[in-house]
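The structure under discussion appears below in the form of structure tokens.
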Amino acid sequence: MARILLVDEDRTARASVQAALRRAGHETACHDGADAALDAIRTAPADLVIADMERPGAGGMRLLQEIVRERIDVPVVMMGPADSVDEAVEAMENGARSFLRKPLEPGQLTAVVSRVLAPAPAPEAEAPA
């Protein structure tokens, strides 16, 4: 399965998401802040990053911006409170592939992870004229 880097300052929330991802068969690496997560991505590439943007210390938006700036080829899914529509839009405009509303439902988490990790469909060939 996939190697997923999970970034959330809240240890309890991180453990809950990690458990759901492991039950789905994914390998996880957890960090509580953007700096540690960036170091990890640079040394051991991940298939997906899931980052919390609610907590200022975790720096999820900064992490997303650094991944884009450094052109690190990894999709990013952001997490945040259900009422954070403006933040969700900002995350998507800055390159996030999806946004998960907290509190997370395990089915929602696994569906988004599966969708983001799915290979892109092959472009259709044009018919000869």
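Chain labels follow the order of the structure tokens: the first chain is A, the next B, and so on; residue numbering restarts at 1 in every chain, and ligands are counted from 1 in their shown order.
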
- Message: Just want the 8 Å neighbourhood of A:Pro103, counted on only C-alpha atoms, with same-chain residues fewer than 2 positions away dropped. Output as a list in words.
- Response: Pro81, Ala82, Arg101 and Glu105 of chain A

Output the selection as a compact mmCIF listing (two decimals), in the first residue's frame - N, CA, C and O atoms for each residue.
```txt
# COMPACT_ATOMS: atom_id res chain seq x y z
N PRO A 81 -11.27 22.22 10.62
CA PRO A 81 -12.62 22.17 11.16
C PRO A 81 -13.68 22.34 10.08
O PRO A 81 -13.44 22.95 9.04
N ALA A 82 -14.84 21.78 10.33
CA ALA A 82 -15.93 21.79 9.35
C ALA A 82 -16.34 23.19 8.93
O ALA A 82 -16.79 23.39 7.80
N ARG A 101 -12.79 17.51 6.46
CA ARG A 101 -13.35 18.24 7.58
C ARG A 101 -13.26 17.42 8.85
O ARG A 101 -13.54 16.22 8.85
N GLU A 105 -14.44 11.22 9.66
CA GLU A 105 -15.13 9.93 9.67
C GLU A 105 -14.22 8.96 8.93
O GLU A 105 -13.72 9.28 7.84
```

- List every residue of stretch 6-79 of chain A that DSSP, applied to the backbone of this structure, places in alpha helix (DSSP H), and write the result as a count of residues only. 33

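Using only C-alpha atoms, the nearest neighbour of A:Thr110 within the list A:Leu5, A:Val17, A:Ala40, A:Ile67 is A:Val17.
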
Excluding same-chain residues fewer than 5 positions from A:Ile50, what lies within 10 Å of it counting only C-alpha atoms, as a tab-separated table (two decimals) with C-alpha atoms, in the first residue's frame?
```tsv
chain	number	residue	atom	x	y	z
A	4	ILE	CA	1.47	8.36	4.09
A	5	LEU	CA	3.02	11.21	6.04
A	6	LEU	CA	0.61	12.53	8.66
A	7	VAL	CA	1.18	15.98	10.19
A	8	ASP	CA	-0.91	17.06	13.16
A	17	VAL	CA	-6.05	9.05	11.84
A	30	CYS	CA	3.76	10.93	11.88
A	60	GLY	CA	-0.06	22.81	7.55
A	64	LEU	CA	1.80	22.85	1.61
A	75	PRO	CA	-0.14	15.07	-3.28
A	76	VAL	CA	-1.30	16.91	-0.15
A	77	VAL	CA	-4.64	16.58	1.62
A	78	MET	CA	-5.39	19.22	4.22
A	79	MET	CA	-7.57	18.75	7.32
A	96	ALA	CA	-3.97	20.77	-1.99
A	98	SER	CA	-8.49	17.63	-1.20
A	99	PHE	CA	-9.71	18.88	2.15
A	100	LEU	CA	-11.00	16.74	5.01
A	113	VAL	CA	-7.06	8.71	0.34
```

- Considering only C-alpha atoms, state which residue in the set A:Leu21, A:Arg3, A:Thr12, A:Glu66 is at the smallest distance from A:Ala34. A:Glu66

- Query: Hey, can you check how far atom CA of A:Ala24 sits from atom CA of A:Arg115?
  - Reply: 13.5 Å

- Of the candidates A:Gly107, A:Ala19, A:Asp35, A:Arg97, which shows the shortest atom-to-atom distance to A:Gly59, using only C-alpha atoms? A:Asp35

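For the choices A:Ala29, A:Ala37, A:Pro123, A:Met53, the atom-to-atom distance to A:Asp86 is smallest for A:Met53 when using only C-alpha atoms.
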
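Our summary of the geometry notes that atom CA of A:Gln18 is positioned 10.5 Å from atom CA of A:Pro106.
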
Name the residues of stretch 2-126 of chain A that come out as strand (DSSP E or B) in a backbone DSSP run; write them as a short mmCIF file (atom, residue, chain, number, x, y, z; two decimals) with C-alpha atoms, in the first residue's frame.
```cif
data_model
loop_
_atom_site.label_atom_id
_atom_site.label_comp_id
_atom_site.auth_asym_id
_atom_site.auth_seq_id
_atom_site.Cartn_x
_atom_site.Cartn_y
_atom_site.Cartn_z
CA ARG A 3 3.40 5.45 2.55
CA ILE A 4 1.47 8.36 4.09
CA LEU A 5 3.02 11.21 6.04
CA LEU A 6 0.61 12.53 8.66
CA VAL A 7 1.18 15.98 10.19
CA GLU A 27 2.24 2.64 6.17
CA THR A 28 2.29 5.87 8.15
CA ALA A 29 4.92 8.24 9.45
CA CYS A 30 3.76 10.93 11.88
CA HIS A 31 5.10 14.38 12.69
CA LEU A 48 0.71 11.25 0.21
CA VAL A 49 0.84 13.96 2.87
CA ILE A 50 -2.14 14.61 5.14
CA ALA A 51 -1.65 17.82 7.14
CA ASP A 52 -3.75 19.64 9.71
CA VAL A 76 -1.30 16.91 -0.15
CA VAL A 77 -4.64 16.58 1.62
CA MET A 78 -5.39 19.22 4.22
CA MET A 79 -7.57 18.75 7.32
CA GLY A 80 -9.44 21.39 9.28
CA PRO A 81 -12.62 22.17 11.16
CA SER A 98 -8.49 17.63 -1.20
CA PHE A 99 -9.71 18.88 2.15
CA LEU A 100 -11.00 16.74 5.01
CA ARG A 101 -13.35 18.24 7.58
CA LYS A 102 -12.79 17.45 11.24
#
```

- Taking into account only C-alpha atoms, which residue in the set A:Ala120, A:Leu109, A:Val68, A:Leu63 is nearest to A:Arg22? A:Leu109

- Note on the structure: The distance between atom CA of A:Asn94 and atom CA of A:Gln65 is 6.8 Å
